[in-house]
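Okay, final19.cif is below, mmCIF, C-alpha atoms and all ligand atoms:
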data_model
loop_
_atom_site.label_atom_id
_atom_site.label_comp_id
_atom_site.auth_asym_id
_atom_site.auth_seq_id
_atom_site.Cartn_x
_atom_site.Cartn_y
_atom_site.Cartn_z
CA MET X 1186 -21.46 -26.36 -5.24
CA THR X 1187 -24.31 -24.81 -7.10
CA ASN X 1188 -24.48 -25.62 -10.75
CA ILE X 1189 -25.77 -22.86 -12.91
CA ASN X 1190 -26.29 -23.54 -16.57
CA SER X 1191 -24.97 -20.94 -18.96
CA ASP X 1192 -28.42 -19.83 -20.21
CA ASN X 1193 -29.34 -18.78 -16.73
CA SER X 1194 -25.95 -17.45 -15.81
CA ARG X 1195 -26.15 -14.11 -17.64
CA GLU X 1196 -29.60 -13.52 -16.27
CA TRP X 1197 -28.38 -14.34 -12.77
CA ALA X 1198 -25.34 -12.08 -13.16
CA ALA X 1199 -27.57 -9.28 -14.48
CA GLN X 1200 -29.72 -9.53 -11.36
CA ALA X 1201 -26.62 -9.47 -9.16
CA TYR X 1202 -25.34 -6.44 -11.06
CA ALA X 1203 -28.60 -4.54 -10.64
CA LEU X 1204 -28.62 -5.31 -6.93
CA LEU X 1205 -25.05 -4.13 -6.45
CA LYS X 1206 -25.71 -0.97 -8.44
CA LYS X 1207 -28.68 -0.18 -6.21
CA ARG X 1208 -26.67 -0.91 -3.07
CA GLN X 1209 -23.84 1.30 -4.27
CA GLU X 1210 -26.26 4.19 -4.84
CA GLU X 1211 -27.75 3.75 -1.38
CA GLN X 1212 -24.32 3.65 0.21
CA LYS X 1213 -23.27 6.80 -1.60
CA GLN X 1214 -26.35 8.62 -0.36
CA GLU X 1215 -25.78 7.35 3.17
CA LEU X 1216 -22.14 8.51 3.08
CA GLU X 1217 -23.15 11.94 1.85
CA ARG X 1218 -25.72 12.18 4.62
CA GLN X 1219 -23.13 11.20 7.23
CA GLU X 1220 -20.63 13.66 5.81
CA GLU X 1221 -23.18 16.49 6.08
CA GLN X 1222 -23.99 15.56 9.67
CA LYS X 1223 -20.33 15.40 10.57
CA GLN X 1224 -19.72 18.80 9.06
CA GLU X 1225 -22.58 20.27 11.06
CA LEU X 1226 -21.17 18.82 14.27
CA ILE X 1227 -17.72 20.14 13.51
CA ASP X 1228 -19.22 23.55 12.87
CA ILE X 1229 -21.00 23.50 16.22
CA SER X 1230 -17.94 22.43 18.15
CA ASN X 1231 -14.54 22.13 16.59
CA LYS X 1232 -13.46 20.00 19.48
CA GLU X 1233 -15.71 17.35 18.09
CA ASN X 1234 -14.27 14.08 16.92
CA THR X 1235 -10.67 15.04 16.50
CA SER X 1236 -9.35 12.01 18.35
CA GLY X 1237 -10.55 9.14 16.17
CA PRO X 1238 -8.80 8.56 12.90
CA SER X 1239 -11.04 9.50 10.00
CA LYS X 1240 -8.91 7.91 7.32
CA THR X 1241 -11.00 6.07 4.81
CA ILE X 1242 -9.77 3.52 2.35
CA ALA X 1243 -11.39 3.99 -1.03
CA ASP X 1244 -13.96 1.34 -1.87
CA PRO X 1245 -13.90 -0.06 -5.38
CA GLU X 1246 -16.58 1.20 -7.72
CA LEU X 1247 -18.87 -1.10 -9.61
CA GLY X 1248 -17.56 -1.33 -13.18
CA GLU X 1249 -19.40 -2.20 -16.38
CA PHE X 1250 -21.70 -5.16 -16.73
CA ASP X 1251 -19.27 -7.09 -18.87
CA ASP X 1252 -17.70 -10.52 -19.23
CA ASN X 1253 -15.52 -9.92 -16.21
CA PHE X 1254 -18.52 -9.20 -14.03
CA THR X 1255 -20.45 -12.19 -15.31
CA TRP X 1256 -17.51 -14.51 -14.86
CA SER X 1257 -16.79 -13.23 -11.33
CA ALA X 1258 -20.44 -13.54 -10.32
CA MET X 1259 -20.49 -17.10 -11.64
CA ILE X 1260 -17.39 -18.02 -9.69
CA LEU X 1261 -19.04 -16.76 -6.52
CA ALA X 1262 -22.29 -18.54 -7.34
CA ALA X 1263 -20.45 -21.79 -7.94
CA GLN X 1264 -19.07 -21.52 -4.42
CA GLY X 1265 -22.56 -21.25 -3.02
CA LYS X 1266 -22.93 -17.47 -2.73
CA LYS X 1267 -26.44 -16.11 -3.04
CA ILE X 1268 -27.19 -13.02 -5.12
CA ASN X 1269 -27.59 -10.80 -2.07
CA GLN X 1270 -24.32 -12.03 -0.55
CA ILE X 1271 -22.15 -10.78 -3.38
CA SER X 1272 -20.07 -7.66 -2.75
CA ILE X 1273 -18.34 -5.20 -5.05
CA ASP X 1274 -15.07 -5.96 -3.23
CA GLU X 1275 -15.28 -9.61 -4.24
CA ILE X 1276 -16.19 -8.85 -7.84
CA ASP X 1277 -13.37 -6.33 -8.01
CA TRP X 1278 -10.91 -8.86 -6.68
CA LEU X 1279 -11.94 -11.67 -9.02
CA THR X 1280 -11.80 -9.30 -11.96
CA LYS X 1281 -8.23 -8.39 -11.03
CA LEU X 1282 -7.31 -12.02 -10.64
CA ARG X 1283 -8.79 -12.96 -13.99
CA ARG X 1284 -7.12 -10.03 -15.73
CA GLY X 1285 -3.84 -10.83 -14.02
CA LEU X 1286 -3.89 -14.38 -15.24
CA GLU X 1287 -4.80 -13.33 -18.75
CA GLU X 1288 -1.25 -13.67 -20.02
CA THR X 1289 -0.90 -17.13 -18.54
CA ARG X 1290 -4.25 -18.06 -20.00
CA LYS X 1291 -3.77 -16.59 -23.44
CA GLY X 1292 -1.00 -18.85 -24.56
CA PHE X 1293 -2.76 -21.70 -22.91
CA VAL X 1294 -6.45 -22.35 -22.91
CA THR X 1295 -7.13 -20.34 -26.03
CA GLU X 1296 -4.44 -22.22 -27.87
CA LEU X 1297 -5.56 -25.49 -26.40
CA LEU X 1298 -9.19 -24.96 -27.34
CA ASP X 1299 -8.14 -23.90 -30.83
CA LYS X 1300 -6.13 -27.05 -31.19
CA LEU X 1301 -8.76 -29.32 -29.73
CA GLY X 1302 -11.86 -27.76 -31.15
CA ASP X 1303 -14.73 -30.04 -30.29
CA ASP X 1304 -12.77 -33.12 -31.13
CA PRO X 1305 -11.92 -35.71 -28.55
CA LEU X 1306 -8.43 -35.59 -27.04
CA THR X 1307 -5.76 -37.59 -28.83
CA PRO X 1308 -2.25 -38.61 -27.76
CA GLU X 1309 -1.00 -35.77 -30.01
CA SER X 1310 -3.14 -33.17 -28.28
CA LEU X 1311 -1.70 -34.38 -24.99
CA ASP X 1312 1.76 -33.61 -26.34
CA ASP X 1313 0.58 -30.09 -27.20
CA LEU X 1314 -0.90 -29.71 -23.75
CA GLU X 1315 2.36 -30.84 -22.19
CA THR X 1316 4.26 -28.12 -24.04
CA LEU X 1317 1.70 -25.49 -23.06
CA LEU X 1318 1.83 -26.44 -19.38
CA ILE X 1319 5.61 -26.25 -19.32
CA ARG X 1320 5.50 -22.89 -21.07
CA ALA X 1321 3.04 -21.61 -18.48
CA ASP X 1322 5.61 -22.35 -15.72
CA VAL X 1323 3.55 -25.13 -14.20
CA GLY X 1324 6.78 -27.10 -13.70
CA ILE X 1325 7.93 -30.48 -14.95
CA ASN X 1326 6.64 -32.58 -12.05
CA SER X 1327 3.14 -31.08 -12.08
CA THR X 1328 2.98 -31.33 -15.84
CA ASP X 1329 4.02 -35.00 -15.78
CA LYS X 1330 1.42 -35.72 -13.16
CA VAL X 1331 -1.42 -34.04 -15.05
CA ILE X 1332 -0.46 -35.52 -18.41
CA SER X 1333 -0.19 -39.04 -17.07
CA SER X 1334 -3.62 -38.79 -15.36
CA LEU X 1335 -5.07 -37.55 -18.62
CA ARG X 1336 -3.38 -40.36 -20.53
CA THR X 1337 -4.88 -42.94 -18.17
CA LYS X 1338 -8.28 -41.38 -18.60
CA LEU X 1339 -7.84 -41.35 -22.35
CA ASN X 1340 -7.09 -45.05 -22.38
CA GLU X 1341 -10.35 -45.72 -20.60
CA GLU X 1342 -12.74 -43.45 -22.42
CA VAL X 1343 -13.23 -40.85 -25.12
CA VAL X 1344 -12.58 -37.38 -23.70
CA GLY X 1345 -13.99 -34.32 -25.50
CA GLY X 1346 -12.28 -30.91 -25.48
CA GLU X 1347 -14.52 -29.41 -22.82
CA ALA X 1348 -14.38 -32.47 -20.61
CA GLY X 1349 -10.61 -32.38 -21.03
CA ILE X 1350 -10.43 -28.84 -19.66
CA LYS X 1351 -12.70 -29.79 -16.78
CA PHE X 1352 -10.50 -32.73 -15.92
CA LEU X 1353 -7.42 -30.54 -16.24
CA LYS X 1354 -8.85 -28.01 -13.79
CA LYS X 1355 -9.57 -30.78 -11.32
CA GLU X 1356 -6.04 -32.15 -11.56
CA LEU X 1357 -4.41 -28.73 -11.20
CA LYS X 1358 -6.56 -27.98 -8.18
CA LEU X 1359 -5.55 -31.28 -6.59
CA ILE X 1360 -1.88 -30.34 -6.97
CA ILE X 1361 -2.34 -26.91 -5.38
CA ASP X 1362 -4.55 -28.26 -2.61
CA LYS X 1363 -2.21 -31.04 -1.54
CA PRO X 1364 0.26 -29.00 0.55
CA ILE X 1365 -2.65 -27.02 1.98
CA LYS X 1366 -4.35 -30.26 3.09
CA ASN X 1367 -1.03 -31.61 4.39
CA SER X 1368 -0.58 -28.54 6.56
CA GLY X 1369 -3.87 -29.27 8.31
CA THR X 1370 -4.92 -25.62 7.94
CA ASP X 1371 -7.14 -24.65 5.04
CA LEU X 1372 -7.10 -20.95 5.78
CA LEU X 1373 -4.22 -19.25 7.53
CA VAL X 1374 -5.55 -16.98 10.27
CA PRO X 1375 -3.98 -15.97 13.58
CA GLN X 1376 -4.92 -18.27 16.45
CA LYS X 1377 -6.68 -16.39 19.22
CA GLY X 1378 -5.17 -16.44 22.69
CA LYS X 1379 -1.62 -16.92 21.42
CA LEU X 1380 1.03 -14.74 19.91
CA ASN X 1381 1.20 -15.41 16.18
CA VAL X 1382 4.38 -14.29 14.46
CA TRP X 1383 4.43 -14.14 10.68
CA LEU X 1384 7.82 -13.56 9.07
CA LEU X 1385 7.85 -12.35 5.49
CA VAL X 1386 10.95 -13.45 3.66
CA GLY X 1387 12.17 -13.47 0.08
CA VAL X 1388 14.57 -11.97 -2.44
CA ASN X 1389 14.78 -8.23 -3.17
CA GLY X 1390 11.79 -6.41 -4.53
CA VAL X 1391 9.29 -9.26 -4.66
CA GLY X 1392 6.75 -7.33 -2.59
CA LYS X 1393 7.42 -8.29 1.04
CA THR X 1394 6.82 -4.86 2.56
CA THR X 1395 3.77 -4.15 0.42
CA THR X 1396 2.31 -7.54 1.27
CA LEU X 1397 2.97 -6.96 4.95
CA GLY X 1398 1.12 -3.65 4.73
CA LYS X 1399 -1.86 -5.36 3.14
CA LEU X 1400 -1.77 -8.13 5.74
CA ALA X 1401 -1.71 -5.55 8.54
CA TYR X 1402 -4.82 -3.98 7.09
CA LEU X 1403 -6.61 -7.31 6.64
CA SER X 1404 -5.68 -8.39 10.14
CA SER X 1405 -6.63 -5.23 11.99
CA LYS X 1406 -9.85 -4.98 9.99
CA SER X 1407 -10.65 -8.51 11.14
CA ASN X 1408 -10.17 -7.37 14.74
CA TYR X 1409 -6.87 -9.06 15.45
CA LYS X 1410 -4.58 -6.93 17.59
CA THR X 1411 -1.74 -6.38 15.18
CA LEU X 1412 1.81 -5.07 15.44
CA ILE X 1413 4.58 -4.63 12.86
CA ALA X 1414 8.29 -5.25 13.39
CA ALA X 1415 10.56 -3.38 10.99
CA ALA X 1416 13.34 -5.95 10.82
CA ASP X 1417 14.63 -4.75 7.47
CA THR X 1418 17.43 -2.65 8.88
CA PHE X 1419 19.42 -2.92 5.70
CA ARG X 1420 17.63 -0.49 3.41
CA ALA X 1421 17.50 3.07 4.75
CA ALA X 1422 13.97 3.83 3.53
CA ALA X 1423 12.48 0.52 4.65
CA VAL X 1424 11.22 1.77 8.01
CA GLU X 1425 9.59 4.84 6.47
CA GLN X 1426 7.89 2.69 3.84
CA LEU X 1427 6.56 0.45 6.57
CA LYS X 1428 5.32 3.36 8.66
CA VAL X 1429 3.22 4.57 5.76
CA TRP X 1430 1.54 1.14 5.62
CA GLY X 1431 1.19 1.13 9.42
CA ASP X 1432 -0.57 4.51 9.25
CA ARG X 1433 -2.93 3.33 6.55
CA SER X 1434 -4.01 0.32 8.55
CA ASN X 1435 -3.73 1.91 12.02
CA VAL X 1436 -1.09 -0.54 13.16
CA ASP X 1437 2.00 0.45 15.17
CA VAL X 1438 5.47 -0.19 13.85
CA ILE X 1439 8.34 -1.16 16.14
CA SER X 1440 11.67 -0.08 14.71
CA ASN X 1441 15.20 0.82 15.61
CA GLN X 1442 16.38 3.95 13.87
CA SER X 1443 20.08 3.47 14.55
CA LYS X 1444 22.23 2.62 11.59
CA ASN X 1445 22.89 -1.07 11.00
CA ALA X 1446 20.67 -2.12 13.87
CA ASP X 1447 20.51 -5.86 14.37
CA PRO X 1448 17.25 -7.21 12.87
CA ALA X 1449 17.05 -9.83 15.61
CA ALA X 1450 17.21 -7.02 18.20
CA VAL X 1451 14.25 -5.28 16.55
CA VAL X 1452 12.30 -8.53 16.70
CA PHE X 1453 13.31 -8.86 20.38
CA ASP X 1454 11.87 -5.39 21.13
CA ALA X 1455 8.77 -6.08 19.07
CA ILE X 1456 8.06 -9.29 20.97
CA ASN X 1457 8.31 -7.43 24.27
CA SER X 1458 5.84 -4.86 23.00
CA ALA X 1459 3.57 -7.52 21.59
CA LYS X 1460 3.43 -9.32 24.94
CA LYS X 1461 2.71 -6.12 26.84
CA ARG X 1462 -0.07 -5.17 24.49
CA ASN X 1463 -1.59 -8.61 24.17
CA VAL X 1464 -1.04 -8.64 20.46
CA ASP X 1465 -2.56 -11.46 18.37
CA LEU X 1466 -0.43 -11.04 15.27
CA LEU X 1467 3.11 -9.72 14.96
CA LEU X 1468 4.10 -9.15 11.33
CA VAL X 1469 7.84 -9.09 10.71
CA ASP X 1470 9.25 -7.39 7.63
CA THR X 1471 12.69 -8.61 6.65
CA ALA X 1472 15.31 -7.38 4.22
CA GLY X 1473 15.40 -8.81 0.73
CA ARG X 1474 18.13 -11.39 0.41
CA LEU X 1475 19.52 -13.58 -2.28
CA GLN X 1476 19.09 -17.21 -1.40
CA THR X 1477 22.74 -17.76 -2.22
CA LYS X 1478 24.05 -15.42 0.49
CA ASN X 1479 24.67 -17.68 3.46
CA ASN X 1480 25.30 -14.95 6.01
CA LEU X 1481 21.94 -13.36 5.23
CA MET X 1482 20.18 -16.69 5.43
CA ASP X 1483 21.82 -17.18 8.84
CA GLU X 1484 20.34 -13.87 9.92
CA LEU X 1485 16.86 -15.32 9.33
CA ALA X 1486 17.77 -18.32 11.45
CA LYS X 1487 18.86 -15.94 14.21
CA ILE X 1488 15.51 -14.13 14.11
CA LYS X 1489 13.72 -17.46 14.38
CA LYS X 1490 15.89 -18.46 17.33
CA ILE X 1491 15.06 -15.26 19.22
CA ILE X 1492 11.35 -15.87 18.70
CA ASP X 1493 11.57 -19.50 19.82
CA LYS X 1494 13.51 -18.49 22.90
CA LYS X 1495 11.36 -15.56 23.97
CA VAL X 1496 7.95 -16.98 23.10
CA PRO X 1497 8.26 -20.75 22.79
CA ASP X 1498 4.51 -21.16 22.50
CA ALA X 1499 4.13 -18.59 19.73
CA ILE X 1500 2.73 -19.78 16.43
CA VAL X 1501 5.38 -18.90 13.90
CA GLU X 1502 4.81 -18.79 10.16
CA SER X 1503 7.69 -18.20 7.77
CA LEU X 1504 6.09 -17.06 4.57
CA LEU X 1505 8.08 -16.84 1.37
CA VAL X 1506 6.99 -14.00 -0.86
CA LEU X 1507 7.28 -14.76 -4.58
CA ASP X 1508 6.80 -12.42 -7.51
CA ALA X 1509 4.62 -14.30 -10.01
CA SER X 1510 6.16 -12.50 -12.95
CA GLN X 1511 9.52 -14.15 -12.25
CA GLY X 1512 8.22 -17.55 -13.37
CA GLN X 1513 10.68 -20.40 -12.95
CA ASN X 1514 13.05 -18.17 -11.02
CA GLY X 1515 10.43 -18.16 -8.26
CA LEU X 1516 10.61 -21.93 -8.10
CA LYS X 1517 14.39 -21.73 -7.69
CA GLN X 1518 14.00 -19.23 -4.86
CA ALA X 1519 11.40 -21.42 -3.17
CA LYS X 1520 13.67 -24.46 -3.30
CA SER X 1521 16.65 -22.62 -1.80
CA PHE X 1522 14.71 -20.78 0.90
CA ALA X 1523 12.92 -23.99 1.85
CA LYS X 1524 16.29 -25.59 2.48
CA SER X 1525 17.67 -22.94 4.77
CA ALA X 1526 14.75 -20.90 6.09
CA ASP X 1527 12.28 -23.51 7.37
CA LEU X 1528 9.34 -22.14 5.41
CA SER X 1529 5.72 -22.86 6.25
CA GLY X 1530 3.99 -21.23 3.30
CA ALA X 1531 4.17 -18.96 0.28
CA ILE X 1532 2.56 -15.75 -0.83
CA ILE X 1533 2.35 -15.02 -4.55
CA THR X 1534 2.41 -11.34 -5.52
CA LYS X 1535 2.07 -9.23 -8.64
CA LEU X 1536 -0.54 -11.42 -10.25
CA ASP X 1537 -1.94 -8.27 -11.79
CA GLY X 1538 1.05 -7.63 -14.03
CA THR X 1539 2.14 -9.68 -16.96
CA SER X 1540 2.20 -12.57 -14.59
CA ARG X 1541 3.05 -16.17 -15.03
CA GLY X 1542 0.79 -17.66 -12.44
CA GLY X 1543 1.69 -21.24 -13.33
CA VAL X 1544 4.59 -21.05 -10.91
CA SER X 1545 2.10 -21.46 -8.05
CA LEU X 1546 1.61 -25.04 -9.19
CA ALA X 1547 5.32 -25.71 -9.41
CA VAL X 1548 5.84 -24.37 -5.88
CA SER X 1549 3.00 -26.50 -4.52
CA GLU X 1550 4.13 -29.66 -6.22
CA GLU X 1551 7.90 -29.41 -6.03
CA VAL X 1552 8.43 -27.60 -2.73
CA ASN X 1553 5.27 -28.76 -0.98
CA LEU X 1554 4.51 -25.22 0.16
CA PRO X 1555 0.92 -24.21 0.86
CA ILE X 1556 0.05 -20.96 -0.88
CA ARG X 1557 -1.57 -18.74 1.73
CA PHE X 1558 -2.27 -15.39 0.11
CA ILE X 1559 -2.11 -13.83 -3.32
CA GLY X 1560 -1.56 -10.20 -4.20
CA ALA X 1561 -2.79 -8.58 -7.37
CA GLY X 1562 -2.08 -4.86 -7.16
CA GLU X 1563 -0.39 -2.17 -5.12
CA GLY X 1564 -3.50 -1.10 -3.19
CA ILE X 1565 -4.14 -1.99 0.44
CA LYS X 1566 -7.05 -4.23 -0.46
CA ASP X 1567 -5.23 -6.06 -3.22
CA LEU X 1568 -4.46 -9.15 -1.19
CA ARG X 1569 -6.67 -12.11 -0.46
CA PRO X 1570 -6.39 -15.49 1.20
CA PHE X 1571 -5.58 -18.00 -1.48
CA ASN X 1572 -8.54 -19.83 -2.96
CA SER X 1573 -7.50 -22.67 -5.26
CA TYR X 1574 -10.87 -22.94 -6.96
CA GLU X 1575 -10.87 -19.27 -7.95
CA PHE X 1576 -7.25 -19.44 -8.97
CA VAL X 1577 -7.61 -22.42 -11.29
CA GLU X 1578 -10.85 -21.06 -12.77
CA ALA X 1579 -9.14 -17.74 -13.49
CA MET X 1580 -6.15 -19.47 -14.99
CA LEU X 1581 -8.28 -21.58 -17.30
CA ALA X 1582 -11.23 -19.30 -17.93
CA ASP X 1583 -12.25 -19.93 -21.52
CA LYS X 1584 -13.56 -16.56 -22.60
N1 LIG M 1601 1.62 -4.46 -9.58
C1 LIG M 1601 1.96 -4.89 -8.36
N2 LIG M 1601 3.01 -4.34 -7.76
C2 LIG M 1601 3.36 -4.79 -6.54
C3 LIG M 1601 2.63 -5.81 -5.89
N3 LIG M 1601 3.21 -6.03 -4.69
C4 LIG M 1601 4.25 -5.17 -4.61
N4 LIG M 1601 4.36 -4.42 -5.71
C5 LIG M 1601 5.36 -3.40 -6.05
O1 LIG M 1601 6.64 -3.98 -6.11
C6 LIG M 1601 7.64 -3.04 -5.68
C7 LIG M 1601 8.49 -3.65 -4.58
O2 LIG M 1601 7.64 -3.87 -3.46
P1 LIG M 1601 8.19 -3.96 -1.98
O3 LIG M 1601 7.04 -4.31 -1.12
O4 LIG M 1601 8.98 -2.77 -1.61
O5 LIG M 1601 9.16 -5.21 -2.13
P2 LIG M 1601 10.14 -5.82 -1.04
O6 LIG M 1601 10.18 -7.28 -1.27
O7 LIG M 1601 9.77 -5.36 0.31
O8 LIG M 1601 11.52 -5.15 -1.50
P3 LIG M 1601 12.89 -5.10 -0.66
O9 LIG M 1601 12.54 -4.74 0.74
O10 LIG M 1601 13.70 -4.06 -1.35
O11 LIG M 1601 13.51 -6.46 -0.79
C8 LIG M 1601 6.87 -1.81 -5.23
O12 LIG M 1601 6.89 -0.87 -6.27
C9 LIG M 1601 5.47 -2.32 -5.00
O13 LIG M 1601 4.49 -1.33 -5.16
C10 LIG M 1601 1.51 -6.38 -6.56
O14 LIG M 1601 0.80 -7.30 -6.10
N5 LIG M 1601 1.22 -5.88 -7.80
MG MG M 1602 10.85 -4.42 1.77
#
Render the structure in this file as structure tokens.
Ligand SMILES: Nc1nc2c(ncn2[C@@H]2O[C@H](COP(=O)(O)OP(=O)(O)OP(=O)(O)O)[C@@H](O)[C@H]2O)c(=O)[nH]1
Ligand SMILES: [Mg+2]
Amino acid sequence: MTNINSDNSREWAAQAYALLKKRQEEQKQELERQEEQKQELIDISNKENTSGPSKTIADPELGEFDDNFTWSAMILAAQGKKINQISIDEIDWLTKLRRGLEETRKGFVTELLDKLGDDPLTPESLDDLETLLIRADVGINSTDKVISSLRTKLNEEVVGGEAGIKFLKKELKLIIDKPIKNSGTDLLVPQKGKLNVWLLVGVNGVGKTTTLGKLAYLSSKSNYKTLIAAADTFRAAAVEQLKVWGDRSNVDVISNQSKNADPAAVVFDAINSAKKRNVDLLLVDTAGRLQTKNNLMDELAKIKKIIDKKVPDAIVESLLVLDASQGQNGLKQAKSFAKSADLSGAIITKLDGTSRGGVSLAVSEEVNLPIRFIGAGEGIKDLRPFNSYEFVEAMLADK
């Protein structure tokens, strides 16, 4: 990783900002030019270009040159990005992530730094840190782990405030990375040449359908042949909601309009379609269910069974969607679903709200679930593959 000292960092960020501003201007001009040309063509022949979809998804605009920009640029630089490789999309995303974790951070780093000042860590400051970590929903196990590593370090050497935070970041990252490493897959992407089936499961209202819509967009934009199965047959409006997302991302939705259709039957139909069309990724939306309702949990098992039977060589991912703002409740959900739904990963949503992002650590440590994606907003682009470095930096950013 590139190390940029803080004197240079503002200068570097300013250069990146100027470059992006220039690029944005050029792109705007190019778009206007294309729009004019298109209009001319349509005027000449109104048969022209009516077949292709002309839907455009709004690109984010470059905001102010502020702390958010500088921080985001630094995070990209630290991961080896060069100035000319930075995009407005990435800056926009990191800004959202940092803002989203503000609440988690506020009662945490700020308080910690206030308490520590520039003084070396003491056993008392470790007690304070312990309380802060628990309050931030990091979970008891993760907190114990981090505090005991810090205690060991403290017994060996003097640890200043800043070094303490650095060490803390490293420990938190280790916790989040462990299930990801254990899974053998750093980044979850569909495997080419096979049918990949991703089931989105979770309790009511956590953001399953929205996340599925964003995934459909990400997947089709990355040139994976994508299909959606509307297996939430419980809520009347669920199919319509899904079709809107399908339209936005140009992905077909397989559904069964009849009342009380069997979700497993929808998945059955969708698999047939997926095979015919050589689909890479089938995204399955499921109804929200309380982890305590056994019959609904059995329904998930039935869906899994159908998939295993019809496409035994499919790569199936059962992804638990968790609403970050629900804090410890999310951990409870993860534990119960893991028991009965054979989960392979988690997706954390609503990190843009008054979120309590610490729960990601609890889920990693206590349920051993790799976090695969995070969502921070209701827009189609507001979902990214999970990046533990960015996450921990945003959670513990000190400005
Ligand atoms: N702010 C914010 N809102 C979100 C995010 N993801 C989803 N939402 C909102 O949360 C609400 C519920 O989202 P859905 O996707 O319908 O949730 P669901 O889990 O499919 O709900 P059920 O199907 O009823 O169980 C909607 O208003 C979404 O717009 C997010 O990352 N940020
Ligand atoms: Mg839904």
For this session: Tell me, as a PyMOL selection string, which residues lie within 9 Å of stretch 1430-1432 of chain X, counting all atoms listed in the file; anything in the same chain fewer than 6 positions away does not count.
Result: chain X and resi 1394-1395+1397-1399+1401-1402+1412-1413+1438+1565
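If you measure from each of X:Asn1269, X:Asn1389, X:Ser1334, X:Asn1435 to ligand LIG 1601 (chain M) using only C-alpha atoms and all ligand atoms, the closest one turns out to be X:Asn1389.
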For this session: Choose the residue, out of X:Ile1559, X:Val1464, X:Val1382, X:Ile1242, that has the smallest atom-to-atom separation from X:Ser1434; count all atoms listed in the file.
Result: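 Once distances to X:Ser1434 are computed over all atoms listed in the file, the minimum belongs to X:Ile1242.
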Counting all atoms listed in the file, which residues of chain X fall within 10 Å of ligand MG 1602 (chain M), and what is the closest atom pair for each with its distance in Å at one decimal, ordered by chain and rising number, as a tab-separated table?
residue	atom	partner	partner_atom	distance
X:Leu1385	CA	M:MG1602	MG	9.3
X:Val1386	CA	M:MG1602	MG	9.2
X:Gly1387	CA	M:MG1602	MG	9.3
X:Val1388	CA	M:MG1602	MG	9.4
X:Asn1389	CA	M:MG1602	MG	7.4
X:Gly1390	CA	M:MG1602	MG	6.7
X:Val1391	CA	M:MG1602	MG	8.2
X:Gly1392	CA	M:MG1602	MG	6.7
X:Lys1393	CA	M:MG1602	MG	5.2
X:Thr1394	CA	M:MG1602	MG	4.1
X:Thr1395	CA	M:MG1602	MG	7.2
X:Thr1396	CA	M:MG1602	MG	9.1
X:Leu1397	CA	M:MG1602	MG	8.9
X:Ala1415	CA	M:MG1602	MG	9.3
X:Ala1416	CA	M:MG1602	MG	9.5
X:Asp1417	CA	M:MG1602	MG	6.8
X:Thr1418	CA	M:MG1602	MG	9.8
X:Phe1419	CA	M:MG1602	MG	9.5
X:Arg1420	CA	M:MG1602	MG	8.0
X:Ala1422	CA	M:MG1602	MG	9.0
X:Ala1423	CA	M:MG1602	MG	5.9
X:Val1424	CA	M:MG1602	MG	8.8
X:Gln1426	CA	M:MG1602	MG	8.0
X:Leu1427	CA	M:MG1602	MG	8.1
X:Asp1470	CA	M:MG1602	MG	6.8
X:Thr1471	CA	M:MG1602	MG	6.7
X:Ala1472	CA	M:MG1602	MG	5.9
X:Gly1473	CA	M:MG1602	MG	6.4
Problem set entry | Residue nearest ligand LIG 1601 (chain M) among X:Lys1406, X:Lys1520, X:Lys1460, X:Arg1474 (counting all atoms listed in the file) |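 Going through X:Lys1406, X:Lys1520, X:Lys1460, X:Arg1474 one by one, the smallest distance to ligand LIG 1601 (chain M) is for X:Arg1474.
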Exercise. In terms of the shortest atom-to-atom distance over all atoms listed in the file, which of X:Arg1541, X:Lys1281, X:Lys1338, X:Arg1290 is closest to X:Leu1311?
Worked result: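 Ranked by minimum distance to X:Leu1311, first place goes to X:Lys1338.
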Exercise. Using only C-alpha atoms, what residues lie at most 10 Å away from (16.2, -17.7, -7.5) (file coordinates), given as number ranges by chain?
Worked result: X: 1387-1388, 1475-1477, 1507, 1511-1522
For this session: Would you work out the distance separating atom CA of X:Lys1495 from atom CA of X:Val1374, expressed in Å to one decimal?
Result: 21.8 Å
Problem set entry | Counting only C-alpha atoms and all ligand atoms, the residue of X:Ala1509, X:Ala1459, X:Val1577, X:Val1331 that sits nearest ligand LIG 1601 (chain M) |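 The answer is X:Ala1509, which sits nearest to ligand LIG 1601 (chain M).
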For this session: Quick one: pull the distance between atom CA of X:Ile1492 and atom CA of X:Val1452, Å, one decimal.
Result: 7.7 Å
Exercise. Please, what distance in Å, to one decimal, runs between atom CA of X:Leu1546 and atom CA of X:Trp1383?
Worked result: 22.8 Å
Problem set entry | Distance query X:Ser1503 at most 6 Å, only C-alpha atoms, self and fewer than 5 positions along chain excluded, as a count of residues only | 4
Exercise. Which one is closest to X:Asp1371: X:Phe1254, X:Phe1576, X:Phe1453, X:Phe1558? Count all atoms listed in the file.
Worked result: X:Phe1558
Save stretch 1456-1467 of chain X to disk from that block, C-alpha atoms included, as a compact mmCIF listing (two decimals), in the first residue's frame.
# COMPACT_ATOMS: atom_id res chain seq x y z
CA ILE X 1456 -34.30 -22.29 -13.30
CA ASN X 1457 -35.84 -23.66 -16.49
CA SER X 1458 -35.66 -20.21 -18.04
CA ALA X 1459 -32.14 -19.66 -16.78
CA LYS X 1460 -30.97 -22.91 -18.37
CA LYS X 1461 -32.62 -22.11 -21.69
CA ARG X 1462 -31.11 -18.67 -21.79
CA ASN X 1463 -27.67 -19.66 -20.57
CA VAL X 1464 -27.93 -17.37 -17.62
CA ASP X 1465 -24.85 -16.78 -15.43
CA LEU X 1466 -26.61 -15.40 -12.38
CA LEU X 1467 -30.11 -16.09 -11.12
